[in-house]
Amino acid sequence: MSISGTETVTFSDLSRSPRLVAERAARLGRVRVTHRDSDDFYLTAAEREEQREANLSTSAAVFLALLRQDDGLTSMLRAMREVFPWIRHLPDSDVRAFTTELAEALSDASELNWDGHAQEVIASWRATARIKADPMQYREALEPTEGDFGRVTLDC
């Protein structure tokens, strides 16, 4: 079995030596299991995952509480500008909306076990900032459209 310092094992390793892989995961907290025919996954100690969930829940609650206080909101907006420097291309009202939407998405990740939403929020606001950063592209995006652009499908 080839378990490298990168904390990665193959699915075949897990199948052949589950006890050794489980011991490694317990010692390290988790190992990444690669699988050539599907997505990788992590084998994680339950206690560690429970701690991660509690940490996320606490962080989300703190962010939401800060947003409800004037000085907390000011600090959050300042922090957002440091963490996401591309928001300089957004007007202040959009930065506030992004900050609120991200805090709510983190809360959803914690309370509803909806993990992908926070990254979707970041990606969509980054795309908005990207368009607004290019004046010509932004002007084009504001142009009215006509006609039927076809069926829209959502991957939910």
# chains A, B, ... in the order shown; residues from 1 in each chain; ligands from 1
>>> select_by_dssp(residues="stretch 20-116 of chain A", states="strand (DSSP E)", output="PyMOL selection string")
chain A and resi 30-34+41-44
>>> residues_around(residues="A:Asp94", least_positions_apart="5", cutoff="10 Å", atoms="only C-alpha atoms", output="compact mmCIF listing (two decimals) with all heavy atoms, in the first residue's frame")
# COMPACT_ATOMS: atom_id res chain seq x y z
N ILE A 87 -13.44 43.04 -4.89
CA ILE A 87 -14.69 43.77 -4.62
C ILE A 87 -14.51 45.27 -4.79
O ILE A 87 -15.49 46.00 -4.77
CB ILE A 87 -15.33 43.41 -3.26
CG1 ILE A 87 -14.49 43.87 -2.09
CG2 ILE A 87 -15.64 41.93 -3.17
CD1 ILE A 87 -15.17 43.67 -0.74
N HIS A 89 -14.19 46.66 -7.37
CA HIS A 89 -14.92 46.99 -8.59
C HIS A 89 -16.44 47.03 -8.38
O HIS A 89 -17.18 47.29 -9.31
CB HIS A 89 -14.59 45.97 -9.70
CG HIS A 89 -13.14 45.96 -10.04
ND1 HIS A 89 -12.52 46.99 -10.70
CD2 HIS A 89 -12.17 45.05 -9.79
CE1 HIS A 89 -11.24 46.72 -10.85
NE2 HIS A 89 -11.00 45.54 -10.30
N THR A 99 -21.50 40.72 1.29
CA THR A 99 -21.12 40.37 2.66
C THR A 99 -22.28 39.66 3.37
O THR A 99 -22.08 38.61 4.00
CB THR A 99 -20.71 41.63 3.43
OG1 THR A 99 -19.62 42.26 2.75
CG2 THR A 99 -20.30 41.31 4.86
N THR A 100 -23.47 40.21 3.25
CA THR A 100 -24.64 39.59 3.87
C THR A 100 -24.94 38.23 3.27
O THR A 100 -25.19 37.25 3.99
CB THR A 100 -25.87 40.51 3.72
OG1 THR A 100 -25.58 41.77 4.35
CG2 THR A 100 -27.11 39.90 4.34
N TRP A 125 -20.45 36.65 -7.32
CA TRP A 125 -20.05 38.04 -7.05
C TRP A 125 -18.72 38.36 -7.72
O TRP A 125 -18.50 39.48 -8.19
CB TRP A 125 -20.01 38.33 -5.56
CG TRP A 125 -21.38 38.62 -5.02
CD1 TRP A 125 -22.17 37.79 -4.27
CD2 TRP A 125 -22.13 39.81 -5.22
NE1 TRP A 125 -23.36 38.40 -3.99
CE2 TRP A 125 -23.37 39.65 -4.55
CE3 TRP A 125 -21.88 41.00 -5.90
CZ2 TRP A 125 -24.34 40.64 -4.55
CZ3 TRP A 125 -22.87 41.99 -5.89
CH2 TRP A 125 -24.08 41.81 -5.22
N THR A 128 -19.53 39.13 -11.25
CA THR A 128 -20.11 40.47 -11.33
C THR A 128 -19.01 41.53 -11.27
O THR A 128 -19.00 42.48 -12.06
CB THR A 128 -21.11 40.69 -10.18
OG1 THR A 128 -22.15 39.71 -10.29
CG2 THR A 128 -21.71 42.08 -10.21
N ALA A 129 -18.06 41.35 -10.36
CA ALA A 129 -16.94 42.30 -10.25
C ALA A 129 -16.11 42.29 -11.52
O ALA A 129 -15.65 43.35 -11.98
CB ALA A 129 -16.07 41.96 -9.04
>>> closest_atom_pairs(of="stretch 80-133 of chain A", to="stretch 48-57 of chain A", cutoff="10 Å", atoms="only C-alpha atoms", output="Markdown table")
| residue | atom | partner | partner_atom | distance |
| --- | --- | --- | --- | --- |
| A:Leu106 | CA | A:Leu56 | CA | 7.5 |
| A:Ser107 | CA | A:Ser57 | CA | 6.8 |
| A:Asp108 | CA | A:Ser57 | CA | 9.2 |
| A:Ala109 | CA | A:Leu56 | CA | 7.9 |
| A:Ser110 | CA | A:Ser57 | CA | 5.0 |
| A:Glu111 | CA | A:Ser57 | CA | 7.1 |
| A:Asn113 | CA | A:Glu53 | CA | 9.0 |
>>> residues_around(residues="A:Tyr42", least_positions_apart="3", cutoff="12 Å", atoms="only C-alpha atoms", output="JSON, numbers by chain")
{"A": [7, 8, 9, 10, 11, 14, 21, 22, 24, 25, 26, 28, 29, 30, 31, 32, 33, 34, 35, 39, 45, 46, 48, 49]}
>>> write_last_selection(atoms="C-alpha atoms", output="compact mmCIF listing (two decimals), in the first residue's frame")
# COMPACT_ATOMS: atom_id res chain seq x y z
CA GLU A 7 -2.18 11.94 3.22
CA THR A 8 -3.56 10.29 0.07
CA VAL A 9 -4.46 6.68 -0.63
CA THR A 10 -6.07 5.03 -3.60
CA PHE A 11 -9.45 3.38 -3.46
CA LEU A 14 -8.60 1.20 0.99
CA VAL A 21 -6.10 3.16 6.06
CA ALA A 22 -8.57 3.63 8.92
CA ARG A 24 -3.95 6.35 9.29
CA ALA A 25 -7.15 8.41 9.07
CA ALA A 26 -7.65 8.19 12.83
CA LEU A 28 -4.08 12.14 10.93
CA GLY A 29 -7.73 13.11 11.24
CA ARG A 30 -8.42 12.30 7.60
CA VAL A 31 -6.93 10.88 4.41
CA ARG A 32 -7.90 11.64 0.84
CA VAL A 33 -9.04 8.59 -1.11
CA THR A 34 -8.50 8.89 -4.85
CA HIS A 35 -10.60 6.90 -7.28
CA ASP A 39 -14.62 11.84 -7.43
CA ALA A 45 -12.52 10.58 11.91
CA ALA A 46 -16.09 11.31 13.05
CA ARG A 48 -12.87 15.63 13.69
CA GLU A 49 -15.81 16.14 11.32
>>> residues_around(residues="A:Ser124", least_positions_apart="3", cutoff="12 Å", atoms="only C-alpha atoms", output="PDB file with N, CA and C atoms, in the first residue's frame")
ATOM      1  N   ILE A  87     -13.437  43.038  -4.885  1.00  0.00           N
ATOM      2  CA  ILE A  87     -14.688  43.765  -4.624  1.00  0.00           C
ATOM      3  C   ILE A  87     -14.513  45.271  -4.787  1.00  0.00           C
ATOM      4  N   ASP A  94     -23.315  46.888  -3.331  1.00  0.00           N
ATOM      5  CA  ASP A  94     -23.059  45.501  -3.723  1.00  0.00           C
ATOM      6  C   ASP A  94     -22.121  44.809  -2.738  1.00  0.00           C
ATOM      7  N   PHE A  98     -23.073  41.447  -0.928  1.00  0.00           N
ATOM      8  CA  PHE A  98     -22.192  40.277  -0.987  1.00  0.00           C
ATOM      9  C   PHE A  98     -21.843  39.798   0.416  1.00  0.00           C
ATOM     10  N   GLU A 101     -24.898  38.160   1.932  1.00  0.00           N
ATOM     11  CA  GLU A 101     -25.209  36.894   1.249  1.00  0.00           C
ATOM     12  C   GLU A 101     -24.195  35.807   1.618  1.00  0.00           C
ATOM     13  N   LEU A 102     -22.922  36.178   1.728  1.00  0.00           N
ATOM     14  CA  LEU A 102     -21.900  35.197   2.100  1.00  0.00           C
ATOM     15  C   LEU A 102     -22.099  34.717   3.539  1.00  0.00           C
ATOM     16  N   HIS A 117     -23.030  26.199  -1.477  1.00  0.00           N
ATOM     17  CA  HIS A 117     -23.643  27.500  -1.712  1.00  0.00           C
ATOM     18  C   HIS A 117     -22.678  28.666  -1.472  1.00  0.00           C
ATOM     19  N   ALA A 118     -21.870  28.614  -0.448  1.00  0.00           N
ATOM     20  CA  ALA A 118     -20.959  29.726  -0.164  1.00  0.00           C
ATOM     21  C   ALA A 118     -19.990  29.950  -1.321  1.00  0.00           C
ATOM     22  N   GLN A 119     -19.475  28.887  -1.899  1.00  0.00           N
ATOM     23  CA  GLN A 119     -18.569  29.034  -3.041  1.00  0.00           C
ATOM     24  C   GLN A 119     -19.313  29.558  -4.271  1.00  0.00           C
ATOM     25  N   GLU A 120     -20.588  29.195  -4.419  1.00  0.00           N
ATOM     26  CA  GLU A 120     -21.399  29.742  -5.515  1.00  0.00           C
ATOM     27  C   GLU A 120     -21.589  31.243  -5.341  1.00  0.00           C
ATOM     28  N   VAL A 121     -21.825  31.680  -4.117  1.00  0.00           N
ATOM     29  CA  VAL A 121     -21.988  33.111  -3.830  1.00  0.00           C
ATOM     30  C   VAL A 121     -20.709  33.858  -4.200  1.00  0.00           C
ATOM     31  N   ALA A 127     -17.740  37.107 -10.569  1.00  0.00           N
ATOM     32  CA  ALA A 127     -18.096  37.309 -11.977  1.00  0.00           C
ATOM     33  C   ALA A 127     -18.706  38.696 -12.183  1.00  0.00           C
ATOM     34  N   THR A 128     -19.529  39.132 -11.251  1.00  0.00           N
ATOM     35  CA  THR A 128     -20.108  40.471 -11.326  1.00  0.00           C
ATOM     36  C   THR A 128     -19.005  41.530 -11.271  1.00  0.00           C
ATOM     37  N   ALA A 129     -18.057  41.349 -10.364  1.00  0.00           N
ATOM     38  CA  ALA A 129     -16.941  42.297 -10.253  1.00  0.00           C
ATOM     39  C   ALA A 129     -16.109  42.294 -11.521  1.00  0.00           C
ATOM     40  N   ARG A 130     -15.925  41.127 -12.113  1.00  0.00           N
ATOM     41  CA  ARG A 130     -15.134  41.016 -13.342  1.00  0.00           C
ATOM     42  C   ARG A 130     -15.777  41.797 -14.476  1.00  0.00           C
ATOM     43  N   ILE A 131     -17.087  41.693 -14.607  1.00  0.00           N
ATOM     44  CA  ILE A 131     -17.795  42.434 -15.647  1.00  0.00           C
ATOM     45  C   ILE A 131     -17.726  43.929 -15.374  1.00  0.00           C
TER      46      ILE A 131
END
>>> select_by_dssp(residues="chain A", states="alpha helix (DSSP H)", output="count of residues only")
99
>>> residues_around(residues="A:Phe63", least_positions_apart="3", cutoff="9 Å", atoms="only C-alpha atoms", output="number ranges by chain")
A: 58-60, 66-68, 72, 76, 100, 103-104, 106-107
>>> write_last_selection(atoms="N, CA, C and O atoms", output="compact mmCIF listing (two decimals), in the first residue's frame")
# COMPACT_ATOMS: atom_id res chain seq x y z
N THR A 58 -20.15 28.01 14.66
CA THR A 58 -19.73 29.14 15.50
C THR A 58 -19.30 30.33 14.64
O THR A 58 -19.71 31.47 14.90
N SER A 59 -18.51 30.07 13.62
CA SER A 59 -18.04 31.14 12.73
C SER A 59 -19.22 31.84 12.05
O SER A 59 -19.27 33.07 11.99
N ALA A 60 -20.14 31.06 11.52
CA ALA A 60 -21.30 31.64 10.84
C ALA A 60 -22.12 32.49 11.80
O ALA A 60 -22.56 33.60 11.45
N LEU A 66 -22.09 39.98 13.91
CA LEU A 66 -21.34 41.19 13.56
C LEU A 66 -22.11 42.05 12.56
O LEU A 66 -22.08 43.29 12.66
N LEU A 67 -22.77 41.43 11.61
CA LEU A 67 -23.52 42.18 10.61
C LEU A 67 -24.68 42.97 11.21
O LEU A 67 -25.12 43.95 10.62
N ARG A 68 -25.15 42.58 12.38
CA ARG A 68 -26.28 43.26 13.02
C ARG A 68 -25.83 44.45 13.87
O ARG A 68 -26.67 45.16 14.42
N GLY A 72 -19.60 46.32 13.95
CA GLY A 72 -19.29 44.99 13.44
C GLY A 72 -19.40 44.95 11.92
O GLY A 72 -18.55 44.37 11.24
N MET A 76 -16.54 44.06 9.30
CA MET A 76 -16.74 42.99 8.31
C MET A 76 -16.47 43.51 6.89
O MET A 76 -15.81 42.83 6.10
N THR A 100 -23.47 40.21 3.25
CA THR A 100 -24.64 39.59 3.87
C THR A 100 -24.94 38.23 3.27
O THR A 100 -25.19 37.25 3.99
N ALA A 103 -22.37 35.64 4.45
CA ALA A 103 -22.60 35.24 5.85
C ALA A 103 -23.82 34.31 5.94
O ALA A 103 -23.79 33.31 6.67
N GLU A 104 -24.86 34.62 5.20
CA GLU A 104 -26.05 33.76 5.20
C GLU A 104 -25.75 32.39 4.58
O GLU A 104 -26.24 31.37 5.06
N LEU A 106 -22.85 30.86 4.61
CA LEU A 106 -22.07 30.12 5.60
C LEU A 106 -22.99 29.56 6.69
O LEU A 106 -22.80 28.44 7.16
N SER A 107 -23.99 30.34 7.07
CA SER A 107 -24.96 29.86 8.04
C SER A 107 -25.74 28.68 7.47
O SER A 107 -25.97 27.68 8.16
>>> atom_distance(atom1="atom CA of A:Pro85", atom2="atom CA of A:Arg126")
10.0 Å
